[in-house]
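File shown: input.txt (compact mmCIF, C-alpha atoms).
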# COMPACT_ATOMS: atom_id res chain seq x y z
CA MET A 26 19.81 29.03 -3.18
CA ASN A 27 21.82 25.97 -4.03
CA ALA A 28 25.30 25.69 -2.58
CA ASN A 29 26.11 22.57 -4.55
CA LYS A 30 25.45 23.24 -8.22
CA PRO A 31 26.02 19.95 -10.01
CA GLN A 32 27.76 19.42 -13.30
CA LEU A 33 25.54 18.75 -16.28
CA GLY A 34 27.16 15.34 -16.75
CA THR A 35 26.30 14.35 -13.18
CA LEU A 36 22.69 15.43 -13.69
CA PHE A 37 22.44 13.48 -16.94
CA LEU A 38 23.97 10.32 -15.46
CA THR A 39 21.80 10.55 -12.34
CA TYR A 40 18.61 10.75 -14.39
CA LEU A 41 19.88 8.05 -16.73
CA LYS A 42 20.19 5.82 -13.68
CA ILE A 43 16.73 6.83 -12.46
CA GLY A 44 15.25 6.25 -15.93
CA THR A 45 16.88 2.84 -16.21
CA PHE A 46 15.63 1.55 -12.88
CA THR A 47 12.14 3.03 -13.09
CA ILE A 48 10.12 -0.12 -13.67
CA GLY A 49 6.38 0.39 -13.47
CA GLY A 50 5.88 4.09 -13.93
CA GLY A 51 6.19 7.39 -12.14
CA TYR A 52 5.58 6.22 -8.58
CA ALA A 53 8.08 3.41 -8.84
CA MET A 54 10.90 5.88 -9.37
CA LEU A 55 10.07 7.87 -6.23
CA ALA A 56 12.30 5.82 -3.97
CA LEU A 57 15.27 6.15 -6.29
CA VAL A 58 14.77 9.86 -6.99
CA GLN A 59 14.59 10.54 -3.26
CA ARG A 60 17.71 8.46 -2.74
CA GLU A 61 19.76 10.27 -5.37
CA VAL A 62 18.39 13.80 -5.23
CA VAL A 63 17.77 14.17 -1.49
CA ASP A 64 20.00 11.68 0.36
CA LYS A 65 23.03 11.45 -1.90
CA TYR A 66 23.48 14.83 -3.58
CA HIS A 67 21.34 17.07 -1.31
CA TRP A 68 20.03 18.96 -4.32
CA LEU A 69 16.65 19.27 -2.58
CA ASP A 70 15.50 18.73 0.99
CA GLU A 71 12.55 16.41 1.72
CA LYS A 72 10.07 19.28 1.78
CA GLU A 73 11.16 20.61 -1.60
CA PHE A 74 11.11 17.05 -2.90
CA LEU A 75 7.43 16.75 -1.94
CA ASN A 76 6.69 20.16 -3.43
CA MET A 77 8.38 19.02 -6.64
CA MET A 78 6.25 15.87 -6.74
CA ALA A 79 3.12 17.97 -6.21
CA LEU A 80 3.95 20.22 -9.17
CA ALA A 81 5.03 17.28 -11.33
CA GLN A 82 1.68 15.58 -10.72
CA ALA A 83 -0.45 18.67 -11.10
CA ALA A 84 1.00 19.59 -14.49
CA PRO A 85 0.00 17.53 -17.56
CA GLY A 86 2.47 15.01 -18.89
CA LEU A 87 4.50 12.19 -17.43
CA ILE A 88 5.37 12.59 -13.76
CA ALA A 89 8.90 11.27 -14.28
CA VAL A 90 9.58 13.75 -17.07
CA ASN A 91 7.96 16.63 -15.20
CA SER A 92 10.06 16.03 -12.11
CA ALA A 93 13.18 15.82 -14.29
CA ILE A 94 12.30 19.23 -15.72
CA PHE A 95 11.73 20.73 -12.25
CA LEU A 96 15.07 19.50 -10.97
CA GLY A 97 17.03 20.45 -14.08
CA HIS A 98 15.48 23.91 -14.10
CA ARG A 99 16.13 24.46 -10.40
CA LEU A 100 19.76 23.37 -10.56
CA CYS A 101 21.12 24.45 -13.96
CA GLY A 102 18.42 26.30 -15.92
CA TRP A 103 17.53 25.14 -19.42
CA ARG A 104 20.76 23.18 -19.84
CA GLY A 105 19.85 21.24 -16.71
CA VAL A 106 16.36 20.60 -18.11
CA ALA A 107 17.91 19.20 -21.30
CA ALA A 108 20.35 16.98 -19.36
CA CYS A 109 17.70 15.58 -16.98
CA VAL A 110 15.04 14.98 -19.63
CA ALA A 111 17.53 13.29 -21.96
CA GLY A 112 18.65 11.05 -19.11
CA ALA A 113 15.07 10.20 -18.08
CA VAL A 114 13.86 9.44 -21.60
CA LEU A 115 16.84 7.72 -23.21
CA PRO A 116 16.53 4.29 -21.49
CA SER A 117 12.84 4.10 -22.48
CA VAL A 118 13.40 4.88 -26.11
CA VAL A 119 16.44 2.63 -26.52
CA VAL A 120 15.02 -0.38 -24.67
CA ILE A 121 11.57 -0.21 -26.26
CA LEU A 122 13.04 0.21 -29.74
CA LEU A 123 15.27 -2.83 -29.22
CA ILE A 124 12.36 -4.89 -27.92
CA ALA A 125 9.98 -3.77 -30.65
CA MET A 126 12.58 -4.51 -33.32
CA PHE A 127 14.09 -7.75 -32.11
CA PHE A 128 12.23 -9.32 -29.19
CA SER A 129 8.52 -8.96 -29.74
CA GLN A 130 7.97 -12.31 -28.00
CA TYR A 131 9.89 -10.98 -24.99
CA LYS A 132 6.86 -10.82 -22.70
CA SER A 133 5.95 -14.46 -23.17
CA LEU A 134 9.38 -15.77 -22.18
CA PRO A 135 8.82 -17.70 -18.93
CA ALA A 136 12.25 -16.67 -17.58
CA VAL A 137 11.36 -12.99 -17.96
CA GLU A 138 8.01 -13.59 -16.29
CA ALA A 139 9.82 -15.35 -13.40
CA VAL A 140 12.09 -12.33 -12.91
CA PHE A 141 9.20 -9.90 -12.86
CA LYS A 142 7.11 -12.06 -10.58
CA PHE A 143 9.71 -11.27 -7.89
CA ILE A 144 10.32 -7.66 -8.88
CA ARG A 145 6.67 -6.53 -8.91
CA PRO A 146 5.95 -6.92 -5.17
CA ALA A 147 9.38 -5.41 -4.40
CA VAL A 148 8.49 -2.31 -6.42
CA VAL A 149 5.15 -1.96 -4.61
CA ALA A 150 7.00 -2.25 -1.29
CA LEU A 151 9.44 0.48 -2.35
CA ILE A 152 6.50 2.79 -3.05
CA ALA A 153 4.85 1.97 0.28
CA ALA A 154 8.14 2.59 2.11
CA THR A 155 8.43 6.01 0.45
CA VAL A 156 5.21 6.97 2.26
CA VAL A 157 6.83 6.16 5.61
CA ARG A 158 10.08 7.90 4.69
CA LEU A 159 8.36 11.11 3.59
CA ALA A 160 5.46 11.29 6.04
CA LYS A 161 7.50 12.93 8.77
CA HIS A 162 8.65 15.69 6.43
CA ILE A 163 5.19 16.97 5.56
CA ARG A 164 5.52 19.82 8.06
CA MET B 261 0.71 12.30 -43.13
CA LEU B 262 1.12 9.35 -40.78
CA TYR B 263 4.15 10.98 -39.18
CA LEU B 264 2.36 14.29 -38.76
CA GLN B 265 -0.68 12.53 -37.28
CA LEU B 266 1.49 10.57 -34.84
CA PHE B 267 3.29 13.70 -33.72
CA LEU B 268 0.10 15.73 -33.33
CA SER B 269 -1.72 12.96 -31.47
CA PHE B 270 1.05 12.56 -28.93
CA LEU B 271 1.41 16.32 -28.64
CA LYS B 272 -2.28 16.42 -27.71
CA ILE B 273 -1.79 13.59 -25.21
CA GLY B 274 1.13 15.48 -23.67
CA PHE B 275 -1.01 18.59 -23.22
CA LEU B 276 -4.09 16.82 -21.87
CA GLY B 277 -2.46 14.00 -19.94
CA PHE B 278 -3.17 14.92 -16.34
CA GLY B 279 -2.53 12.36 -13.63
CA GLY B 280 0.59 10.60 -14.86
CA GLY B 281 1.31 7.20 -16.43
CA MET B 282 -1.88 5.13 -16.24
CA ALA B 283 -4.15 8.10 -16.99
CA ILE B 284 -2.05 8.78 -20.06
CA ILE B 285 -2.27 5.15 -21.19
CA SER B 286 -6.02 5.51 -21.62
CA LEU B 287 -5.55 8.63 -23.75
CA ILE B 288 -3.01 6.78 -25.91
CA GLN B 289 -5.47 3.90 -26.25
CA GLN B 290 -8.15 6.22 -27.65
CA GLU B 291 -5.80 7.59 -30.30
CA VAL B 292 -4.43 4.14 -31.19
CA LEU B 293 -7.90 2.74 -31.77
CA ARG B 294 -9.17 5.83 -33.56
CA TYR B 295 -6.35 5.77 -36.13
CA GLY B 296 -5.95 2.00 -36.23
CA TRP B 297 -2.25 2.00 -35.29
CA ALA B 298 -2.72 -1.31 -33.49
CA THR B 299 -5.49 -3.68 -32.46
CA GLU B 300 -6.84 -3.68 -28.91
CA GLN B 301 -5.03 -6.94 -28.11
CA GLU B 302 -1.74 -5.61 -29.51
CA PHE B 303 -2.18 -2.49 -27.40
CA VAL B 304 -2.74 -4.51 -24.21
CA ASP B 305 0.51 -6.36 -24.92
CA MET B 306 2.32 -3.05 -25.48
CA VAL B 307 1.08 -1.76 -22.12
CA ALA B 308 2.22 -4.97 -20.41
CA ILE B 309 5.68 -4.64 -21.93
CA SER B 310 5.76 -0.93 -21.06
CA GLN B 311 5.15 -1.85 -17.44
CA VAL B 312 7.97 -4.34 -17.14
CA THR B 313 10.67 -2.46 -19.04
CA PRO B 314 12.88 0.37 -17.77
CA GLY B 315 11.51 3.88 -18.06
CA PRO B 316 8.23 5.67 -17.33
CA ILE B 317 5.18 3.69 -18.58
CA GLY B 318 3.77 6.53 -20.67
CA MET B 319 7.11 7.08 -22.37
CA ASN B 320 7.55 3.38 -23.12
CA CYS B 321 4.02 3.11 -24.46
CA ALA B 322 4.44 6.18 -26.69
CA THR B 323 7.69 4.83 -28.13
CA TYR B 324 6.14 1.42 -28.73
CA VAL B 325 3.00 2.73 -30.42
CA GLY B 326 5.11 5.10 -32.51
CA TYR B 327 7.34 2.25 -33.67
CA THR B 328 4.41 -0.03 -34.48
CA ALA B 329 2.70 2.69 -36.50
CA GLY B 330 5.67 4.30 -38.21
CA GLY B 331 8.97 2.55 -37.49
CA VAL B 332 11.94 4.29 -35.89
CA TRP B 333 10.91 7.77 -37.04
CA GLY B 334 7.41 7.16 -35.79
CA SER B 335 8.73 6.21 -32.35
CA LEU B 336 10.97 9.28 -32.15
CA LEU B 337 8.14 11.60 -33.21
CA ALA B 338 5.71 10.05 -30.72
CA SER B 339 8.27 10.38 -27.90
CA ALA B 340 9.07 13.97 -28.82
CA GLY B 341 5.36 14.76 -29.05
CA ILE B 342 4.58 13.51 -25.57
CA VAL B 343 7.54 15.31 -23.95
CA LEU B 344 7.28 18.69 -25.66
CA PRO B 345 4.16 19.97 -23.83
CA SER B 346 5.78 19.00 -20.50
CA LEU B 347 8.85 21.03 -21.39
CA LEU B 348 6.77 24.14 -22.09
CA ILE B 349 4.34 23.83 -19.21
CA MET B 350 6.74 22.65 -16.50
CA THR B 351 9.27 25.38 -17.31
CA VAL B 352 6.57 28.02 -16.83
CA VAL B 353 5.32 26.28 -13.66
CA CYS B 354 8.88 26.17 -12.25
CA ARG B 355 9.46 29.86 -12.94
CA LEU B 356 6.16 30.79 -11.29
CA TYR B 357 6.83 28.52 -8.33
CA ASP B 358 10.32 29.96 -7.78
CA ARG B 359 8.91 33.48 -7.90
CA ILE B 360 6.04 32.72 -5.53
CA ARG B 361 8.34 30.89 -3.17
CA ASN B 362 10.86 33.72 -3.05
CA ARG B 363 8.18 36.28 -2.32
CA TRP B 364 5.87 34.35 -0.04
CA GLN B 365 8.07 31.87 1.76
CA ASP B 366 7.45 33.53 5.12
CA ASN B 367 3.76 33.97 4.47
CA LYS B 368 1.62 31.84 6.84
CA VAL B 369 -1.01 31.08 4.20
CA PHE B 370 1.61 29.93 1.67
CA ILE B 371 3.32 27.74 4.25
CA TRP B 372 -0.01 26.12 5.15
CA VAL B 373 -1.06 25.64 1.54
CA MET B 374 2.22 23.89 0.76
CA ARG B 375 1.87 21.79 3.91
CA ILE B 376 -1.57 20.59 2.81
CA VAL B 377 -0.25 19.95 -0.70
CA ARG B 378 2.63 17.82 0.68
CA CYS B 379 0.18 15.90 2.82
CA MET B 380 -1.93 15.14 -0.25
CA VAL B 381 1.12 14.04 -2.23
CA VAL B 382 2.02 11.52 0.47
CA LEU B 383 -1.59 10.28 0.49
CA LEU B 384 -1.48 9.93 -3.31
CA ILE B 385 1.69 7.86 -3.06
CA ALA B 386 0.03 5.64 -0.44
CA HIS B 387 -2.99 5.31 -2.71
CA ALA B 388 -0.74 4.28 -5.61
CA ALA B 389 0.88 1.59 -3.46
CA VAL B 390 -2.51 0.18 -2.42
CA THR B 391 -3.84 0.30 -5.99
CA LEU B 392 -0.83 -1.67 -7.21
CA MET B 393 -1.51 -4.53 -4.78
CA THR B 394 -3.47 -6.41 -7.42
CA PRO B 395 -3.84 -10.20 -7.56
CA ALA B 396 -1.80 -10.11 -10.80
CA SER B 397 1.22 -8.61 -9.01
CA PHE B 398 0.68 -10.61 -5.79
CA PRO B 399 -0.25 -14.11 -6.98
CA ASP B 400 0.97 -16.09 -3.97
CA ALA B 401 2.43 -16.01 -0.46
CA ALA B 402 5.96 -15.51 -1.80
CA SER B 403 4.89 -12.13 -3.22
CA TRP B 404 3.76 -10.95 0.21
CA ILE B 405 6.97 -12.18 1.82
CA ILE B 406 9.01 -10.21 -0.75
CA PHE B 407 6.79 -7.19 -0.10
CA GLY B 408 7.34 -7.47 3.66
CA VAL B 409 11.10 -7.94 3.42
CA VAL B 410 11.58 -5.02 1.03
CA PHE B 411 9.25 -2.77 3.03
CA VAL B 412 11.09 -3.43 6.30
CA CYS B 413 14.54 -3.04 4.65
CA SER B 414 13.50 0.23 3.04
CA ILE B 415 12.25 1.87 6.21
CA LEU B 416 15.08 0.60 8.43
CA PRO B 417 17.21 3.76 7.95
CA VAL B 418 14.29 5.86 9.20
CA PHE B 419 13.96 3.98 12.49
CA VAL B 420 17.48 2.76 13.22
CA PRO B 421 19.68 5.69 14.26
CA SER B 422 23.14 5.59 12.71
CA ALA B 423 25.98 8.10 12.39
CA PRO B 424 27.22 9.02 8.90
CA GLY B 425 30.29 7.06 7.77
CA THR B 426 29.84 4.18 10.20
CA ARG B 427 29.55 0.57 9.10
CA LEU B 428 25.99 0.40 10.36
CA ARG B 429 25.02 3.36 8.16
CA ARG B 430 26.68 1.80 5.13
CA THR B 431 24.87 -1.50 5.72
CA LEU B 432 21.53 0.26 6.15
CA ASP B 433 22.12 2.26 2.96
CA ALA B 434 22.94 -0.89 1.01
CA VAL B 435 19.93 -2.97 2.12
CA SER B 436 17.52 -0.08 1.47
CA HIS B 437 18.92 0.88 -1.94
CA PRO B 438 16.17 0.59 -4.62
CA ILE B 439 18.59 -0.49 -7.37
CA TYR B 440 20.16 -3.24 -5.25
CA ILE B 441 16.71 -4.40 -4.17
CA ILE B 442 15.39 -4.63 -7.73
CA LEU B 443 18.56 -6.37 -8.98
CA PHE B 444 18.53 -8.78 -6.03
CA PHE B 445 14.92 -9.89 -6.47
CA GLY B 446 15.26 -10.02 -10.26
CA ALA B 447 18.25 -12.34 -9.84
CA ALA B 448 16.40 -14.37 -7.20
CA GLY B 449 13.48 -14.86 -9.60
CA LEU B 450 15.86 -16.05 -12.29
CA VAL B 451 17.64 -18.45 -9.93
CA LYS B 452 14.33 -19.91 -8.79
CA TYR B 453 13.27 -20.36 -12.41
CA PHE B 454 16.37 -22.35 -13.32
CA LEU B 455 16.43 -24.47 -10.16

Can you give me the file's structure in the form of structure tokens?
Amino acid sequence: MNANKPQLGTLFLTYLKIGTFTIGGGYAMLALVQREVVDKYHWLDEKEFLNMMALAQAAPGLIAVNSAIFLGHRLCGWRGVAACVAGAVLPSVVVILLIAMFFSQYKSLPAVEAVFKFIRPAVVALIAATVVRLAKHIR
Amino acid sequence: MLYLQLFLSFLKIGFLGFGGGMAIISLIQQEVLRYGWATEQEFVDMVAISQVTPGPIGMNCATYVGYTAGGVWGSLLASAGIVLPSLLIMTVVCRLYDRIRNRWQDNKVFIWVMRIVRCMVVLLIAHAAVTLMTPASFPDAASWIIFGVVFVCSILPVFVPSAPGTRLRRTLDAVSHPIYIILFFGAAGLVKYFL
């Protein structure tokens, strides 16, 4: 089924990277997941990627976490699930805890707002581009 | 009791949260207001911070609410609560899907059903992109220029043919890489702020 079974460490680090650069929720990570999982490591082809997204959205829970579970399960069974979910969740928990504990005025910093003013439209463009990239693989 | 309530509430949200991040936010909001873990204004700020920090929105929001209500343990319990139902349900879904796929992958009906499903997923992604084009995220012309530049860069590899390993391919990969794009525009925003 899968010629290239990844190491658990690779899976964990890949999802850690995806979790870290997912800014703005499930759809925002699509471009990066496709990049890593389909283009770079060939763990799934485009069709299976879309099937995975369908299942991840249809099931209750967070899309990012659900897709991490699908991929982990497909590649390495329950160990893979643990590695992917830990990677996907860790950046959230660590960053939010740090912010909640030390930087509760974080949002009102004008420098932070300036950074995100530029990032927000870029993230929307990444999502829109994913549509173009995936549309030809529907069949 | 607070810890148990936090865990159970987020467990419930994990089981009932269909439709991903934003749908889950509204469920979290109901629980937050019902148990008085935060005021409405505090919750709006938490959602805003959840949107601009790394990680899935729902996960960020759960961690934040958990911390506000019950400190570090509260945040860990809330996070565990929201993930646990996914673990159970998605593992079963994956098993079923693998089994169905192995048995029916040559079946015409299955192939067509999955084709329609993929088509709907792509439409949902398009819908998400359009929904996110709010005045708050696109306040001025610069936003649309950034959108255009990133969109064109991201789809370049689809339309420009390039052989693996060539310099052209490496350049295309670099300019369309989501991480580089986010880092670049984040840095650009910072530079503009200090200039």

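Taking CA of Val373 (chain B) and CA of Phe275 (chain B) as endpoints, the distance between them is 25.7 Å.
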
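If you measure from each of B:Pro417, B:Gly341, B:Pro424, B:Gly408 to Ile273 (chain B) using only C-alpha atoms, the closest one turns out to be B:Gly341.
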
With 10 Å as the threshold, what does the neighbourhood of (3.3, 18.8, -8.0) contain in terms of residues, counting only C-alpha atoms? Coordinates are those of the file; answer as a ChimeraX atom specification.
/A:74-84,88,91-92,95 /B:350,353,377-378,381

Distance filter 7 Å, all atoms listed in the file, chain B against chain A, as JSON, numbers by chain:
{"B": [274, 275, 276, 277, 278, 279, 280, 281, 309, 311, 312, 313, 314, 315, 316, 317, 318, 319, 320, 323, 324, 346, 347, 350, 354, 375, 377, 378, 379, 381, 382, 385, 386, 389, 392, 397, 398, 403, 406, 407, 410, 411, 414, 415, 418, 438, 439, 442, 445, 446, 447, 449, 450, 453]}

Just-selected residues, C-alpha atoms written as an mmCIF file, in the frame of the given file:
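Output file again-v4.cif follows:
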data_model
loop_
_atom_site.group_PDB
_atom_site.id
_atom_site.type_symbol
_atom_site.label_atom_id
_atom_site.label_comp_id
_atom_site.auth_asym_id
_atom_site.auth_seq_id
_atom_site.Cartn_x
_atom_site.Cartn_y
_atom_site.Cartn_z
ATOM 1 C CA GLY B 274 1.130 15.480 -23.670
ATOM 2 C CA PHE B 275 -1.010 18.590 -23.220
ATOM 3 C CA LEU B 276 -4.090 16.820 -21.870
ATOM 4 C CA GLY B 277 -2.460 14.000 -19.940
ATOM 5 C CA PHE B 278 -3.170 14.920 -16.340
ATOM 6 C CA GLY B 279 -2.530 12.360 -13.630
ATOM 7 C CA GLY B 280 0.590 10.600 -14.860
ATOM 8 C CA GLY B 281 1.310 7.200 -16.430
ATOM 9 C CA ILE B 309 5.680 -4.640 -21.930
ATOM 10 C CA GLN B 311 5.150 -1.850 -17.440
ATOM 11 C CA VAL B 312 7.970 -4.340 -17.140
ATOM 12 C CA THR B 313 10.670 -2.460 -19.040
ATOM 13 C CA PRO B 314 12.880 0.370 -17.770
ATOM 14 C CA GLY B 315 11.510 3.880 -18.060
ATOM 15 C CA PRO B 316 8.230 5.670 -17.330
ATOM 16 C CA ILE B 317 5.180 3.690 -18.580
ATOM 17 C CA GLY B 318 3.770 6.530 -20.670
ATOM 18 C CA MET B 319 7.110 7.080 -22.370
ATOM 19 C CA ASN B 320 7.550 3.380 -23.120
ATOM 20 C CA THR B 323 7.690 4.830 -28.130
ATOM 21 C CA TYR B 324 6.140 1.420 -28.730
ATOM 22 C CA SER B 346 5.780 19.000 -20.500
ATOM 23 C CA LEU B 347 8.850 21.030 -21.390
ATOM 24 C CA MET B 350 6.740 22.650 -16.500
ATOM 25 C CA CYS B 354 8.880 26.170 -12.250
ATOM 26 C CA ARG B 375 1.870 21.790 3.910
ATOM 27 C CA VAL B 377 -0.250 19.950 -0.700
ATOM 28 C CA ARG B 378 2.630 17.820 0.680
ATOM 29 C CA CYS B 379 0.180 15.900 2.820
ATOM 30 C CA VAL B 381 1.120 14.040 -2.230
ATOM 31 C CA VAL B 382 2.020 11.520 0.470
ATOM 32 C CA ILE B 385 1.690 7.860 -3.060
ATOM 33 C CA ALA B 386 0.030 5.640 -0.440
ATOM 34 C CA ALA B 389 0.880 1.590 -3.460
ATOM 35 C CA LEU B 392 -0.830 -1.670 -7.210
ATOM 36 C CA SER B 397 1.220 -8.610 -9.010
ATOM 37 C CA PHE B 398 0.680 -10.610 -5.790
ATOM 38 C CA SER B 403 4.890 -12.130 -3.220
ATOM 39 C CA ILE B 406 9.010 -10.210 -0.750
ATOM 40 C CA PHE B 407 6.790 -7.190 -0.100
ATOM 41 C CA VAL B 410 11.580 -5.020 1.030
ATOM 42 C CA PHE B 411 9.250 -2.770 3.030
ATOM 43 C CA SER B 414 13.500 0.230 3.040
ATOM 44 C CA ILE B 415 12.250 1.870 6.210
ATOM 45 C CA VAL B 418 14.290 5.860 9.200
ATOM 46 C CA PRO B 438 16.170 0.590 -4.620
ATOM 47 C CA ILE B 439 18.590 -0.490 -7.370
ATOM 48 C CA ILE B 442 15.390 -4.630 -7.730
ATOM 49 C CA PHE B 445 14.920 -9.890 -6.470
ATOM 50 C CA GLY B 446 15.260 -10.020 -10.260
ATOM 51 C CA ALA B 447 18.250 -12.340 -9.840
ATOM 52 C CA GLY B 449 13.480 -14.860 -9.600
ATOM 53 C CA LEU B 450 15.860 -16.050 -12.290
ATOM 54 C CA TYR B 453 13.270 -20.360 -12.410
#

Atom pair CA of Gln265 (chain B) + CA of Gly330 (chain B), distance 10.4 Å

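For Gly334 (chain B), the non-local neighbours within 10 Å, defined as residues at least 3 positions apart in the same chain or in other chains and counting only C-alpha atoms, are Leu262, Tyr263, Leu264, Gln265, Leu266, Phe267, Ala322, Thr323, Tyr324, Val325, Gly326, Tyr327, Thr328, Ala329, Gly330, Gly331, Leu337, Ala338, Ser339 and Ala340 of chain B.
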
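The spacing separating CA of Val352 (chain B) from CA of Glu71 (chain A) amounts to 22.7 Å.
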
N, CA and C atoms restored at region 392-416 of chain B, emitted as a compact mmCIF listing (two decimals), in the frame of the given file:
# COMPACT_ATOMS: atom_id res chain seq x y z
N LEU B 392 -1.69 -0.73 -6.50
CA LEU B 392 -0.83 -1.67 -7.21
C LEU B 392 -0.83 -3.07 -6.58
N MET B 393 -1.46 -3.21 -5.41
CA MET B 393 -1.51 -4.53 -4.78
C MET B 393 -2.60 -5.37 -5.42
N THR B 394 -2.46 -5.63 -6.70
CA THR B 394 -3.47 -6.41 -7.42
C THR B 394 -3.12 -7.89 -7.34
N PRO B 395 -4.12 -8.76 -7.53
CA PRO B 395 -3.84 -10.20 -7.56
C PRO B 395 -2.81 -10.55 -8.64
N ALA B 396 -2.76 -9.80 -9.73
CA ALA B 396 -1.80 -10.11 -10.80
C ALA B 396 -0.36 -9.90 -10.32
N SER B 397 -0.13 -8.87 -9.50
CA SER B 397 1.22 -8.61 -9.01
C SER B 397 1.52 -9.41 -7.74
N PHE B 398 0.48 -9.85 -7.03
CA PHE B 398 0.68 -10.61 -5.79
C PHE B 398 -0.04 -11.96 -5.89
N PRO B 399 0.48 -12.87 -6.74
CA PRO B 399 -0.25 -14.11 -6.98
C PRO B 399 -0.19 -15.11 -5.83
N ASP B 400 0.87 -15.06 -5.01
CA ASP B 400 0.97 -16.09 -3.97
C ASP B 400 1.63 -15.54 -2.71
N ALA B 401 1.85 -16.42 -1.74
CA ALA B 401 2.43 -16.01 -0.46
C ALA B 401 3.83 -15.43 -0.63
N ALA B 402 4.59 -16.00 -1.58
CA ALA B 402 5.96 -15.51 -1.80
C ALA B 402 5.95 -14.01 -2.10
N SER B 403 4.97 -13.55 -2.87
CA SER B 403 4.89 -12.13 -3.22
C SER B 403 4.79 -11.28 -1.96
N TRP B 404 3.95 -11.73 -1.02
CA TRP B 404 3.76 -10.95 0.21
C TRP B 404 5.00 -10.98 1.08
N ILE B 405 5.72 -12.11 1.05
CA ILE B 405 6.97 -12.18 1.82
C ILE B 405 7.98 -11.19 1.24
N ILE B 406 8.10 -11.16 -0.10
CA ILE B 406 9.01 -10.21 -0.75
C ILE B 406 8.60 -8.79 -0.38
N PHE B 407 7.28 -8.52 -0.45
CA PHE B 407 6.79 -7.19 -0.10
C PHE B 407 7.22 -6.82 1.32
N GLY B 408 7.01 -7.74 2.26
CA GLY B 408 7.34 -7.47 3.66
C GLY B 408 8.83 -7.22 3.86
N VAL B 409 9.65 -8.08 3.26
CA VAL B 409 11.10 -7.94 3.42
C VAL B 409 11.57 -6.60 2.87
N VAL B 410 11.14 -6.27 1.65
CA VAL B 410 11.58 -5.02 1.03
C VAL B 410 11.07 -3.82 1.82
N PHE B 411 9.82 -3.89 2.28
CA PHE B 411 9.25 -2.77 3.03
C PHE B 411 10.06 -2.52 4.30
N VAL B 412 10.33 -3.58 5.05
CA VAL B 412 11.09 -3.43 6.30
C VAL B 412 12.50 -2.91 6.00
N CYS B 413 13.19 -3.50 5.00
CA CYS B 413 14.54 -3.04 4.65
C CYS B 413 14.55 -1.56 4.28
N SER B 414 13.52 -1.14 3.54
CA SER B 414 13.50 0.23 3.04
C SER B 414 13.26 1.26 4.13
N ILE B 415 12.51 0.87 5.17
CA ILE B 415 12.25 1.87 6.21
C ILE B 415 13.22 1.76 7.39
N LEU B 416 14.10 0.74 7.35
CA LEU B 416 15.08 0.60 8.43
C LEU B 416 15.86 1.89 8.71
